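So this one's work23.cif, mmCIF, C-alpha atoms and all ligand atoms:
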```
data_protein
loop_
_atom_site.label_atom_id
_atom_site.label_comp_id
_atom_site.auth_asym_id
_atom_site.auth_seq_id
_atom_site.Cartn_x
_atom_site.Cartn_y
_atom_site.Cartn_z
CA MET G 991 68.16 3.75 34.17
CA ALA G 992 67.17 6.14 37.00
CA PRO G 993 63.39 6.14 37.12
CA GLN G 994 61.76 9.33 38.41
CA ILE G 995 58.16 8.22 38.02
CA SER G 996 55.61 8.08 40.82
CA LEU G 997 53.44 4.98 41.18
CA ASP G 998 50.27 7.08 40.89
CA SER G 999 51.17 8.22 37.39
CA ILE G 1000 51.84 4.70 36.05
CA ASP G 1001 49.53 3.33 33.37
CA VAL G 1002 51.01 0.40 31.49
CA TYR G 1003 47.55 -0.60 30.29
CA ASP G 1004 47.06 2.43 28.04
CA PRO G 1005 47.73 1.36 24.39
CA GLU G 1006 48.75 4.94 23.50
CA VAL G 1007 51.80 4.58 25.75
CA TYR G 1008 53.18 1.84 23.49
CA VAL G 1009 53.16 3.90 20.30
CA ALA G 1010 56.45 5.45 21.41
CA GLY G 1011 57.85 2.08 22.56
CA VAL G 1012 57.56 -0.23 25.56
CA PRO G 1013 57.46 1.95 28.73
CA HIS G 1014 60.52 0.33 30.29
CA GLU G 1015 60.94 3.13 32.85
CA GLN G 1016 57.44 2.51 34.21
CA PHE G 1017 58.07 -1.24 34.44
CA ALA G 1018 61.38 -0.64 36.24
CA VAL G 1019 59.55 1.43 38.88
CA LEU G 1020 56.92 -1.29 39.28
CA ARG G 1021 59.52 -4.07 39.65
CA ALA G 1022 61.43 -2.05 42.23
CA GLN G 1023 58.58 -0.57 44.26
CA SER G 1024 55.41 -2.57 43.70
CA PRO G 1025 56.04 -5.75 41.72
CA VAL G 1026 52.49 -6.98 42.21
CA PHE G 1027 50.71 -3.71 41.64
CA HIS G 1028 47.01 -3.02 41.98
CA HIS G 1029 46.20 -1.08 38.85
CA PRO G 1030 43.03 0.97 38.92
CA ASP G 1031 40.71 0.32 36.01
CA HIS G 1032 38.64 3.26 34.98
CA GLU G 1033 35.76 1.08 33.87
CA GLN G 1034 35.67 -1.56 36.58
CA PRO G 1035 35.73 -0.85 40.30
CA ARG G 1036 37.87 -3.90 41.19
CA GLY G 1037 40.79 -2.91 39.01
CA PHE G 1038 43.39 -5.56 38.15
CA TRP G 1039 46.82 -6.80 39.18
CA THR G 1040 49.99 -6.10 37.23
CA VAL G 1041 52.72 -8.71 37.80
CA THR G 1042 56.12 -7.51 36.60
CA ARG G 1043 58.94 -9.59 38.13
CA HIS G 1044 60.31 -12.69 36.41
CA ALA G 1045 59.86 -14.89 39.53
CA ASP G 1046 56.20 -13.89 39.95
CA VAL G 1047 55.38 -14.27 36.24
CA THR G 1048 56.75 -17.82 36.27
CA PHE G 1049 54.90 -18.57 39.53
CA VAL G 1050 51.56 -17.45 38.08
CA SER G 1051 52.19 -19.36 34.81
CA ARG G 1052 53.09 -22.58 36.60
CA ASN G 1053 50.18 -22.68 39.04
CA PRO G 1054 47.04 -23.04 36.92
CA GLU G 1055 45.00 -24.31 39.87
CA ILE G 1056 45.40 -20.86 41.48
CA PHE G 1057 45.59 -18.77 38.31
CA SER G 1058 43.04 -20.04 35.83
CA SER G 1059 42.97 -19.63 32.07
CA HIS G 1060 39.45 -21.02 31.85
CA ARG G 1061 38.00 -18.15 33.84
CA GLN G 1062 39.21 -15.83 31.02
CA THR G 1063 42.50 -14.88 29.48
CA CYS G 1064 40.93 -12.08 27.48
CA PHE G 1065 42.43 -8.89 28.86
CA LEU G 1066 39.92 -6.91 30.88
CA ASN G 1067 36.76 -6.69 28.83
CA GLU G 1068 33.81 -8.48 30.30
CA GLN G 1069 32.51 -11.06 27.84
CA THR G 1070 28.95 -12.07 27.16
CA PRO G 1071 28.28 -15.60 28.49
CA GLN G 1072 27.95 -16.85 24.90
CA SER G 1073 31.24 -15.44 23.62
CA LEU G 1074 32.96 -16.65 26.79
CA ALA G 1075 31.58 -20.16 26.27
CA GLU G 1076 32.87 -20.16 22.66
CA GLN G 1077 36.32 -18.96 23.71
CA GLN G 1078 36.53 -21.60 26.41
CA LEU G 1079 36.61 -24.24 23.69
CA MET G 1080 40.06 -22.99 22.63
CA MET G 1081 43.08 -24.45 24.39
CA VAL G 1082 44.43 -21.07 25.52
CA ASN G 1083 41.29 -20.72 27.60
CA MET G 1084 41.31 -24.15 29.22
CA ASP G 1085 42.62 -25.50 32.53
CA PRO G 1086 43.83 -28.98 33.40
CA PRO G 1087 42.57 -31.68 33.01
CA ASP G 1088 40.73 -30.60 29.79
CA HIS G 1089 43.75 -28.67 28.64
CA THR G 1090 46.10 -31.57 29.45
CA ARG G 1091 44.17 -33.96 27.21
CA LEU G 1092 44.07 -31.55 24.26
CA ARG G 1093 47.66 -30.42 24.66
CA GLY G 1094 48.81 -34.05 24.84
CA LEU G 1095 47.21 -34.71 21.45
CA LEU G 1096 48.62 -31.56 19.86
CA ASN G 1097 52.15 -31.97 21.24
CA ARG G 1098 52.62 -34.77 18.73
CA GLY G 1099 52.82 -32.21 15.92
CA PHE G 1100 55.02 -29.66 17.69
CA THR G 1101 58.09 -31.46 19.00
CA PRO G 1102 61.59 -30.14 18.17
CA ARG G 1103 61.83 -33.04 15.71
CA SER G 1104 58.60 -32.06 13.91
CA ALA G 1105 59.90 -28.49 13.68
CA ALA G 1106 63.27 -29.68 12.36
CA ARG G 1107 61.48 -31.64 9.64
CA LEU G 1108 60.31 -28.33 8.22
CA ALA G 1109 63.82 -26.83 8.18
CA GLY G 1110 64.38 -27.50 4.47
CA LYS G 1111 61.07 -25.85 3.51
CA ILE G 1112 61.81 -22.89 5.78
CA GLU G 1113 65.27 -22.47 4.21
CA ALA G 1114 63.76 -22.54 0.72
CA ALA G 1115 61.09 -20.00 1.71
CA CYS G 1116 63.69 -17.68 3.29
CA ASP G 1117 65.87 -17.83 0.17
CA VAL G 1118 62.95 -16.80 -2.02
CA ILE G 1119 61.95 -14.00 0.37
CA VAL G 1120 65.49 -12.59 0.68
CA ASP G 1121 66.06 -12.90 -3.10
CA LYS G 1122 62.91 -10.91 -3.78
CA ALA G 1123 63.73 -8.31 -1.11
CA LEU G 1124 67.24 -7.79 -2.54
CA ALA G 1125 65.85 -7.47 -6.05
CA THR G 1126 63.41 -4.82 -4.80
CA GLY G 1127 66.21 -3.06 -2.89
CA SER G 1128 64.14 -0.64 -0.81
CA GLY G 1129 60.79 -0.91 0.89
CA ASP G 1130 58.95 -1.96 4.03
CA PHE G 1131 60.95 -4.66 5.85
CA VAL G 1132 57.76 -5.98 7.48
CA THR G 1133 56.12 -6.71 4.12
CA MET G 1134 59.31 -7.72 2.29
CA CYS G 1135 60.84 -10.05 4.89
CA ALA G 1136 58.80 -10.60 8.05
CA ALA G 1137 55.16 -11.09 7.08
CA GLU G 1138 55.26 -13.95 4.62
CA LEU G 1139 57.36 -16.60 6.36
CA PRO G 1140 55.11 -17.37 9.37
CA LEU G 1141 52.10 -17.95 7.12
CA VAL G 1142 54.03 -20.08 4.63
CA VAL G 1143 55.17 -22.20 7.56
CA ILE G 1144 51.68 -22.59 9.06
CA ALA G 1145 50.37 -23.55 5.61
CA GLU G 1146 53.19 -26.08 5.26
CA LEU G 1147 52.63 -27.42 8.77
CA MET G 1148 48.91 -27.87 8.25
CA GLY G 1149 49.24 -29.28 4.74
CA VAL G 1150 47.27 -26.44 3.13
CA PRO G 1151 47.59 -27.01 -0.64
CA HIS G 1152 49.59 -24.41 -2.58
CA GLU G 1153 46.61 -23.05 -4.47
CA ASP G 1154 44.81 -22.24 -1.18
CA ARG G 1155 47.63 -20.43 0.57
CA TYR G 1156 46.51 -16.98 -0.50
CA LYS G 1157 43.34 -17.65 1.55
CA LEU G 1158 45.42 -17.99 4.69
CA PHE G 1159 47.02 -14.59 3.99
CA GLU G 1160 43.67 -13.06 3.35
CA TRP G 1161 41.98 -14.40 6.52
CA SER G 1162 44.94 -13.46 8.62
CA ASN G 1163 44.96 -9.89 7.23
CA ARG G 1164 41.24 -9.50 7.82
CA MET G 1165 41.45 -10.92 11.35
CA LEU G 1166 44.36 -8.63 12.18
CA ALA G 1167 42.72 -5.61 10.52
CA ALA G 1168 39.73 -6.10 12.81
CA ASP G 1169 42.05 -5.33 15.77
CA ASP G 1170 43.68 -2.32 14.16
CA PRO G 1171 41.75 0.93 14.70
CA ASP G 1172 43.94 2.73 12.13
CA LEU G 1173 42.58 0.57 9.33
CA SER G 1174 38.90 1.31 10.13
CA PRO G 1175 37.75 -2.22 9.34
CA ALA G 1176 34.18 -3.05 8.44
CA PRO G 1177 32.22 -4.19 11.50
CA ASP G 1178 32.50 -7.94 12.12
CA GLU G 1179 35.15 -8.33 9.39
CA GLY G 1180 37.33 -10.39 11.74
CA VAL G 1181 34.40 -12.62 12.72
CA VAL G 1182 33.50 -13.26 9.07
CA ALA G 1183 37.14 -14.12 8.23
CA ALA G 1184 37.33 -16.48 11.23
CA ALA G 1185 34.10 -18.19 10.11
CA GLU G 1186 35.56 -18.74 6.61
CA ALA G 1187 38.78 -20.16 8.07
CA TYR G 1188 36.70 -22.38 10.33
CA ALA G 1189 34.73 -23.81 7.39
CA TYR G 1190 37.97 -24.38 5.48
CA ALA G 1191 39.55 -26.20 8.45
CA ASN G 1192 36.49 -28.40 8.70
CA GLU G 1193 36.83 -29.47 5.07
CA LEU G 1194 40.60 -29.98 5.41
CA GLY G 1195 40.11 -32.15 8.51
CA ARG G 1196 37.46 -34.26 6.78
CA THR G 1197 39.71 -34.87 3.78
CA LYS G 1198 42.63 -35.95 5.96
CA ARG G 1199 40.41 -38.09 8.16
CA ALA G 1200 39.12 -39.91 5.08
CA CYS G 1201 42.57 -40.28 3.45
CA PRO G 1202 45.35 -39.79 6.03
CA VAL G 1203 48.83 -39.06 4.64
CA ASP G 1204 52.18 -38.54 6.37
CA ASP G 1205 51.56 -35.02 7.66
CA ILE G 1206 50.69 -33.30 10.91
CA VAL G 1207 47.01 -32.72 10.19
CA SER G 1208 46.49 -36.41 9.43
CA LYS G 1209 48.23 -37.18 12.70
CA LEU G 1210 46.04 -34.77 14.62
CA VAL G 1211 42.71 -35.92 13.22
CA THR G 1212 43.32 -39.66 13.56
CA PRO G 1213 43.57 -41.60 16.84
CA ASP G 1214 46.88 -41.70 18.74
CA GLU G 1215 48.36 -44.86 20.28
CA ASN G 1216 45.78 -44.63 23.09
CA GLY G 1217 42.88 -44.30 20.68
CA LEU G 1218 42.42 -40.59 21.48
CA GLU G 1219 41.88 -38.00 18.76
CA LEU G 1220 40.83 -34.39 18.33
CA THR G 1221 37.12 -33.83 17.74
CA GLU G 1222 36.12 -31.97 14.58
CA LEU G 1223 35.34 -28.85 16.57
CA GLU G 1224 38.67 -28.97 18.42
CA PHE G 1225 40.61 -29.28 15.19
CA ASP G 1226 38.72 -26.44 13.49
CA LEU G 1227 39.26 -24.10 16.43
CA PHE G 1228 42.91 -25.08 16.63
CA PHE G 1229 43.41 -24.15 12.97
CA ILE G 1230 42.10 -20.63 13.67
CA LEU G 1231 44.20 -20.36 16.84
CA LEU G 1232 47.33 -21.16 14.81
CA ILE G 1233 46.64 -18.42 12.29
CA VAL G 1234 46.38 -15.95 15.15
CA ALA G 1235 49.02 -17.32 17.57
CA GLY G 1236 51.74 -18.29 15.12
CA ASN G 1237 51.60 -15.45 12.68
CA GLU G 1238 51.78 -11.92 14.02
CA THR G 1239 53.99 -13.03 16.93
CA THR G 1240 56.72 -14.46 14.69
CA ARG G 1241 56.40 -11.56 12.24
CA ASN G 1242 57.00 -9.05 15.02
CA ALA G 1243 59.93 -10.99 16.42
CA ILE G 1244 61.58 -10.83 12.98
CA SER G 1245 60.81 -7.11 12.46
CA GLY G 1246 61.61 -6.08 16.03
CA GLY G 1247 64.80 -8.16 15.84
CA MET G 1248 65.92 -6.23 12.77
CA GLN G 1249 65.18 -2.94 14.51
CA ALA G 1250 67.37 -4.10 17.42
CA LEU G 1251 70.18 -4.99 14.99
CA ILE G 1252 69.90 -1.60 13.28
CA ASP G 1253 70.10 0.10 16.68
CA ASN G 1254 73.07 -2.08 17.70
CA PRO G 1255 75.26 -2.28 14.57
CA GLU G 1256 78.04 -4.15 16.40
CA GLN G 1257 75.57 -7.03 16.97
CA TRP G 1258 74.74 -7.10 13.26
CA GLU G 1259 78.44 -7.37 12.47
CA ARG G 1260 78.77 -10.14 15.08
CA LEU G 1261 75.93 -12.04 13.44
CA ARG G 1262 77.37 -11.54 9.95
CA ALA G 1263 80.75 -12.81 11.07
CA ASP G 1264 79.34 -16.24 11.96
CA PRO G 1265 75.64 -16.67 11.07
CA ALA G 1266 75.69 -20.47 11.36
CA ARG G 1267 76.76 -20.29 15.00
CA MET G 1268 75.16 -17.07 16.18
CA ALA G 1269 71.68 -17.12 14.63
CA ARG G 1270 70.10 -19.53 17.11
CA ARG G 1271 71.01 -17.56 20.21
CA ALA G 1272 70.21 -14.35 18.35
CA ALA G 1273 66.68 -15.70 17.76
CA ASP G 1274 66.16 -16.25 21.49
CA GLU G 1275 67.54 -12.80 22.30
CA MET G 1276 65.16 -11.25 19.76
CA VAL G 1277 62.20 -12.94 21.44
CA ARG G 1278 63.40 -11.66 24.85
CA TRP G 1279 64.09 -8.16 23.57
CA VAL G 1280 60.89 -7.75 21.57
CA SER G 1281 58.55 -9.83 23.77
CA PRO G 1282 56.06 -9.94 20.86
CA VAL G 1283 53.26 -10.96 23.25
CA MET G 1284 53.69 -8.37 25.97
CA ALA G 1285 51.24 -9.77 28.52
CA PHE G 1286 48.70 -12.46 29.21
CA ARG G 1287 45.91 -12.67 31.72
CA ARG G 1288 44.86 -15.22 34.31
CA THR G 1289 42.05 -15.11 36.88
CA ALA G 1290 42.53 -16.06 40.55
CA THR G 1291 40.53 -19.12 41.59
CA ARG G 1292 40.92 -18.31 45.29
CA ASP G 1293 42.40 -15.73 47.64
CA VAL G 1294 46.18 -15.91 47.44
CA GLU G 1295 49.16 -13.86 48.54
CA LEU G 1296 51.70 -12.86 45.91
CA GLY G 1297 54.50 -10.36 46.29
CA GLY G 1298 53.12 -9.28 49.67
CA GLN G 1299 49.69 -8.47 48.21
CA LEU G 1300 46.39 -10.22 48.79
CA ILE G 1301 44.86 -11.21 45.47
CA ARG G 1302 41.19 -12.13 45.87
CA GLU G 1303 39.25 -14.87 44.12
CA ASN G 1304 38.13 -13.75 40.64
CA ASP G 1305 40.65 -10.89 40.53
CA LYS G 1306 42.24 -10.31 37.15
CA VAL G 1307 45.99 -10.85 36.99
CA LEU G 1308 48.08 -9.57 34.06
CA MET G 1309 51.56 -11.08 33.69
CA TYR G 1310 53.90 -8.69 31.88
CA TYR G 1311 56.45 -10.76 29.95
CA THR G 1312 57.87 -7.56 28.52
CA SER G 1313 58.79 -6.47 32.06
CA ALA G 1314 59.98 -9.88 33.34
CA ASN G 1315 62.32 -10.11 30.34
CA PHE G 1316 64.19 -7.03 31.59
CA ASP G 1317 64.35 -8.06 35.26
CA ASP G 1318 67.90 -7.48 36.48
CA GLU G 1319 67.44 -10.14 39.17
CA VAL G 1320 67.64 -12.66 36.31
CA PHE G 1321 69.35 -10.97 33.36
CA GLU G 1322 72.75 -9.39 33.54
CA ASN G 1323 72.68 -5.99 31.91
CA PRO G 1324 69.11 -6.56 30.64
CA HIS G 1325 68.98 -3.42 28.51
CA ALA G 1326 71.91 -4.59 26.37
CA PHE G 1327 70.83 -6.42 23.21
CA ASP G 1328 73.31 -9.29 23.20
CA ILE G 1329 72.90 -11.94 20.47
CA GLY G 1330 75.23 -14.26 22.36
CA ARG G 1331 73.30 -14.07 25.66
CA ASP G 1332 73.65 -17.40 27.43
CA PRO G 1333 71.80 -18.48 29.49
CA ASN G 1334 68.70 -16.66 28.35
CA PRO G 1335 65.75 -17.82 30.47
CA HIS G 1336 63.33 -15.33 28.92
CA VAL G 1337 59.57 -15.62 29.22
CA GLY G 1338 58.78 -14.42 25.68
CA PHE G 1339 56.99 -17.72 25.04
CA GLY G 1340 55.31 -17.64 28.46
CA GLY G 1341 56.58 -18.38 31.94
CA GLY G 1342 56.47 -22.19 31.63
CA GLY G 1343 53.58 -24.26 32.91
CA PRO G 1344 50.88 -25.96 30.86
CA HIS G 1345 50.31 -23.18 28.30
CA PHE G 1346 53.99 -22.61 27.45
CA CYS G 1347 53.95 -21.70 23.73
CA LEU G 1348 53.24 -24.79 21.68
CA GLY G 1349 54.96 -23.31 18.60
CA ARG G 1350 58.18 -22.14 20.27
CA HIS G 1351 60.52 -24.63 18.55
CA LEU G 1352 59.05 -23.72 15.21
CA ALA G 1353 59.14 -19.98 15.86
CA LEU G 1354 62.81 -20.08 16.92
CA LEU G 1355 63.69 -22.13 13.86
CA GLU G 1356 61.95 -19.64 11.56
CA ILE G 1357 63.72 -16.66 13.11
CA GLU G 1358 67.08 -18.45 13.11
CA ILE G 1359 66.87 -19.49 9.46
CA MET G 1360 65.60 -16.07 8.33
CA TYR G 1361 68.54 -14.35 10.07
CA ARG G 1362 71.03 -16.83 8.70
CA ALA G 1363 69.78 -15.99 5.21
CA LEU G 1364 69.79 -12.24 5.83
CA ALA G 1365 73.22 -12.19 7.48
CA ARG G 1366 74.78 -14.14 4.61
CA ARG G 1367 73.24 -12.18 1.79
CA VAL G 1368 72.79 -8.63 3.10
CA ALA G 1369 75.72 -6.41 4.08
CA GLN G 1370 73.68 -3.64 5.63
CA VAL G 1371 70.09 -2.67 6.37
CA VAL G 1372 69.71 1.09 6.26
CA PRO G 1373 66.57 2.70 7.69
CA THR G 1374 65.04 5.28 5.35
CA ALA G 1375 62.20 6.51 7.61
CA GLU G 1376 61.06 6.29 11.21
CA PRO G 1377 59.33 2.93 11.86
CA ARG G 1378 55.60 3.01 12.65
CA ARG G 1379 54.54 1.01 15.68
CA LEU G 1380 51.30 -0.76 16.45
CA ARG G 1381 49.02 0.95 18.98
CA SER G 1382 48.51 -2.03 21.28
CA ASN G 1383 48.98 -2.99 24.92
CA PHE G 1384 49.13 -6.69 23.98
CA ILE G 1385 51.23 -7.19 20.84
CA ASN G 1386 54.58 -5.43 20.55
CA GLY G 1387 54.43 -4.73 16.85
CA VAL G 1388 56.09 -2.79 14.08
CA LYS G 1389 53.55 -1.85 11.41
CA GLU G 1390 55.97 -0.46 8.90
CA MET G 1391 59.74 -0.17 8.70
CA GLN G 1392 61.13 1.45 5.56
CA VAL G 1393 64.68 0.30 4.77
CA ARG G 1394 67.26 -0.05 2.01
CA LEU G 1395 69.05 -3.38 1.71
CA VAL G 1396 72.70 -3.32 0.68
CA PRO G 1397 73.66 -6.71 -0.83
CA ALA G 1398 76.75 -8.55 0.39
CA ASP G 1399 79.22 -9.11 -2.46
C1 LIG J 1401 50.88 -19.76 23.42
C2 LIG J 1401 54.26 -16.43 22.42
C3 LIG J 1401 54.89 -18.37 18.00
C4 LIG J 1401 51.26 -21.45 18.85
C5 LIG J 1401 51.74 -18.70 23.52
C6 LIG J 1401 51.89 -17.87 24.70
C7 LIG J 1401 52.83 -16.93 24.41
C8 LIG J 1401 53.28 -17.18 23.07
C9 LIG J 1401 53.33 -15.82 25.34
C10 LIG J 1401 51.10 -18.00 26.00
C11 LIG J 1401 51.88 -18.79 27.02
C12 LIG J 1401 51.16 -18.91 28.34
O1 LIG J 1401 49.97 -18.55 28.47
O2 LIG J 1401 51.80 -19.42 29.29
C13 LIG J 1401 54.70 -16.67 21.14
C14 LIG J 1401 55.74 -15.91 20.49
C15 LIG J 1401 55.93 -16.46 19.25
C16 LIG J 1401 54.98 -17.56 19.12
C17 LIG J 1401 56.48 -14.74 21.11
C18 LIG J 1401 56.88 -16.07 18.14
C19 LIG J 1401 58.04 -15.47 18.35
C20 LIG J 1401 53.99 -19.40 17.86
C21 LIG J 1401 53.89 -20.27 16.70
C22 LIG J 1401 52.84 -21.12 16.94
C23 LIG J 1401 52.31 -20.80 18.25
C24 LIG J 1401 54.79 -20.21 15.48
C25 LIG J 1401 52.29 -22.23 16.08
C26 LIG J 1401 52.54 -22.41 14.81
C27 LIG J 1401 50.83 -21.22 20.14
C28 LIG J 1401 49.72 -21.94 20.76
C29 LIG J 1401 49.60 -21.46 22.07
C30 LIG J 1401 50.65 -20.46 22.24
C31 LIG J 1401 48.84 -22.98 20.09
C32 LIG J 1401 48.60 -21.90 23.13
C33 LIG J 1401 49.22 -23.00 23.96
C34 LIG J 1401 48.32 -23.47 25.10
O3 LIG J 1401 47.37 -22.75 25.49
O4 LIG J 1401 48.57 -24.58 25.60
N1 LIG J 1401 52.62 -18.28 22.56
N2 LIG J 1401 54.26 -17.65 20.28
N3 LIG J 1401 53.04 -19.77 18.78
N4 LIG J 1401 51.38 -20.36 21.06
FE1 LIG J 1401 52.91 -19.11 20.72
#
```

As C-alpha cells, how would this structure be written, given the file I've shared?
Ligand code: HEM
Amino acid sequence: MAPQISLDSIDVYDPEVYVAGVPHEQFAVLRAQSPVFHHPDHEQPRGFWTVTRHADVTFVSRNPEIFSSHRQTCFLNEQTPQSLAEQQLMMVNMDPPDHTRLRGLLNRGFTPRSAARLAGKIEAACDVIVDKALATGSGDFVTMCAAELPLVVIAELMGVPHEDRYKLFEWSNRMLAADDPDLSPAPDEGVVAAAEAYAYANELGRTKRACPVDDIVSKLVTPDENGLELTELEFDLFFILLIVAGNETTRNAISGGMQALIDNPEQWERLRADPARMARRAADEMVRWVSPVMAFRRTATRDVELGGQLIRENDKVLMYYTSANFDDEVFENPHAFDIGRDPNPHVGFGGGGPHFCLGRHLALLEIEIMYRALARRVAQVVPTAEPRRLRSNFINGVKEMQVRLVPAD
C-alpha cells in the first residue's frame, strides 16, 4: 500500500468513512507518521487522541491506572452526571479494584472449560442453522447464518428457558435498532428494551438464587468459595451487557469472515479441505481481519507521554484495534487474509489488561464450530448483490449480505 494522504485530511472518526470499508490507507499513514495522533474534534476544543500502533494499544490497555475506564469509555459524547453514574455500574466502565472484584466473580462462568461445556449445544445449533440456510438456498447470510447463533448461545449460557428466547432476540433487535439511524427507531426504544431486559434478569436471578441448579447463572448469583457474590444490581446489569457485548460482535465476525472467504476463494478451499484442523485458526484470523469492535476509549488519569506526544490528564484516548491488527511491525503481510496465521497476536478482543474480552473463548468456539459446519456442508457461497455495511465508527458491521449457497454433495 502506498499511502498518498496528508495528515490534515485524515478523519477516522467520521462514521460515513466506514460505509465503504475500514479506511486502512488512513490508518497506515497514522501508524507511519503520527501513531499517537491528536485528532481535532469539531465539537470539543480539546480534541482527542488516536492510538494506532499495536504496541501503544496494548500499553494503554494494560495500564488502567494511567488510562481509566471509569472516567468514561463512551466515545466522545459528554454524558450527563446521572447517565455517567449509571454506566459506571457496568464492568466495562470500572477500574481496579472495583473491576477486579467483579471480574473475579464473573470469570468463574467464562473459563475455556465453561465455554467447552457448551460445545455440544453450539454444534446442534449450527447444524439447525446450516440445514435451514441450505433448504432456503438464497438469502441474506447475516439473517440466515450469523445473527441467530450468538443469541442462542447467550440464552443457553444464562439458562434462559426456551419459551423466553424470542424475548432476547426482540430486546437485542430493539437495542441495536436504537443505534441505527437507517431504521429511524422510536425515541427511547433502546432504553425501553434495556429496562425490560433488566426486569427479566432480576426475575431470573431471583429464581436461581432461591433454587440454584448446575448452571452459570446459579453460580454467579450464589456465593463463591470466599463467600463473595454478585449483588442483584450487578447481575441485572451484567445480563444487559452480555446481550450487547456478546451478540453483534460475534455476528459481525461470522459475516465479515464469510466476506473475507468470498474475497479469498483459495482460503475457502483451504478451510474446506480440512475444517477440523483449520477452523480454529480461521476463527482467530476472522476476528483480526474484521476487528468487529474497531475502537475503545480510555481517559488519561494524569499527564503521560506516549509515542512522543504529551497526553494531558482527562484527555480522551481512542485505541484503534482495527489499525493495530494491521500493524506490519507485528503481522507479516497484514493485508493477506490467512486462515493458518500463526502466531496471531491480534487485539480484536482488546489489547490485554483487566478488560480483555470476557467472552473470547466462547466467541472463538462459536465461530469455529459455525465454520466447521459451513465448510463441511456448503461447497460454495456465491454473492448475489453488493453487501450493505453498517454506518458506524465503532462496530465493523455487515447489515446485509445476499448470497446463494451451493450444497456440498
Ligand atoms: C469486552 C470484543 C464476544 C463479553 C470486550 C472488549 C472487546 C471485545 C474489544 C473490550 C476489551 C478492552 O476494553 O480491553 C469482542 C469481540 C467478540 C466478543 C470482537 C466476538 C468476536 C463476546 C462474547 C461475550 C463478550 C461472546 C459474552 C458472551 C464481553 C464482556 C466484556 C467484553 C462482558 C467486558 C469485560 C470487562 O470490562 O472486563 N469484548 N467480544 N464478548 N466482552 Fe467481548

- Query: Leaving out segment 1180-1197 of chain G and any residue of its chain fewer than 4 positions from it, which residues lie within 6 Å of it when counting only C-alpha atoms, given as a PyMOL selection string?
  - Reply: chain G and resi 1161+1164-1165+1168+1226

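Taking atom CA of Ile1233 of chain G and atom CA of Pro1377 of chain G as endpoints, the distance between them is 24.8 Å.
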
- What is the distance, in Å and to one decimal place, between atom CA of Gln1370 of chain G and atom CA of Ser1128 of chain G? 11.9 Å

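With only C-alpha atoms and all ligand atoms as the atoms that count, the minimum distance from ligand LIG 1401 (chain J) to the choices G:Met1268, G:Ile1329, G:Leu1354, G:Leu1364 is reached by G:Leu1354.
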
- Message: Taking all atoms listed in the file into account, name the residue in G:Met1081, G:Ala1010, G:Ala1136, G:Leu1124 that is nearest to ligand LIG 1401 (chain J).
- Response: G:Met1081

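For the choices G:Lys1306, G:Arg1036, G:Arg1394, G:His1044, the atom-to-atom distance to Ala1125 of chain G is smallest for G:Arg1394 when using all atoms listed in the file.
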
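The two atoms in question, atom CA of Ala1375 of chain G and atom CA of Asn1163 of chain G, are spaced 23.8 Å apart.
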
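Minimum distance to Phe1038 of chain G across G:His1060, G:His1325, G:Arg1288, G:Arg1381 (counting only C-alpha atoms) occurs at G:Arg1288.
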
- Task: Pull the neighbourhood of (39.1, -17.4, 38.5) for me: all residues within 12 Å in file coordinates, counting all atoms listed in the file, as a PyMOL selection string.
- Result: chain G and resi 1054-1063+1083-1085+1287-1294+1301-1307

If you take all atoms listed in the file and a cut-off of 8 Å, which residues of segment 1206-1324 of chain G touch segment 1011-1028 of chain G, and what are their nearest atom pairs and distances in Å to one decimal, in chain and number order, as CSV?
```
residue,atom,partner,partner_atom,distance
G:Leu1296,CA,G:Val1026,CA,7.0
G:Gly1297,CA,G:Val1026,CA,5.7
G:Gly1298,CA,G:Val1026,CA,7.8
G:Gln1299,CA,G:Val1026,CA,6.8
G:Thr1312,CA,G:Val1012,CA,7.9
G:Ser1313,CA,G:Phe1017,CA,5.8
G:Asp1317,CA,G:Arg1021,CA,7.6
```

- Judged by only C-alpha atoms, the minimum distance to Pro1030 of chain G among G:His1152, G:Asp998, G:Trp1279, G:Phe1316 is found for G:Asp998

Within 10 Å of Leu1092 of chain G, counting all atoms listed in the file, which residues show up once you throw out same-chain ones fewer than 3 positions away? Write them as a tab-separated table (two decimals) with C-alpha atoms, in the coordinates of the input, please.
```
chain	number	residue	atom	x	y	z
G	1080	MET	CA	40.06	-22.99	22.63
G	1081	MET	CA	43.08	-24.45	24.39
G	1084	MET	CA	41.31	-24.15	29.22
G	1086	PRO	CA	43.83	-28.98	33.40
G	1087	PRO	CA	42.57	-31.68	33.01
G	1088	ASP	CA	40.73	-30.60	29.79
G	1089	HIS	CA	43.75	-28.67	28.64
G	1095	LEU	CA	47.21	-34.71	21.45
G	1096	LEU	CA	48.62	-31.56	19.86
G	1097	ASN	CA	52.15	-31.97	21.24
G	1218	LEU	CA	42.42	-40.59	21.48
G	1219	GLU	CA	41.88	-38.00	18.76
G	1220	LEU	CA	40.83	-34.39	18.33
G	1221	THR	CA	37.12	-33.83	17.74
G	1224	GLU	CA	38.67	-28.97	18.42
G	1225	PHE	CA	40.61	-29.28	15.19
```

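The smallest atom-to-atom distance between Thr1212 of chain G and any of G:Val1120, G:Ala1200, G:Ile1359, G:Ala1369, using all atoms listed in the file, is found for G:Ala1200.
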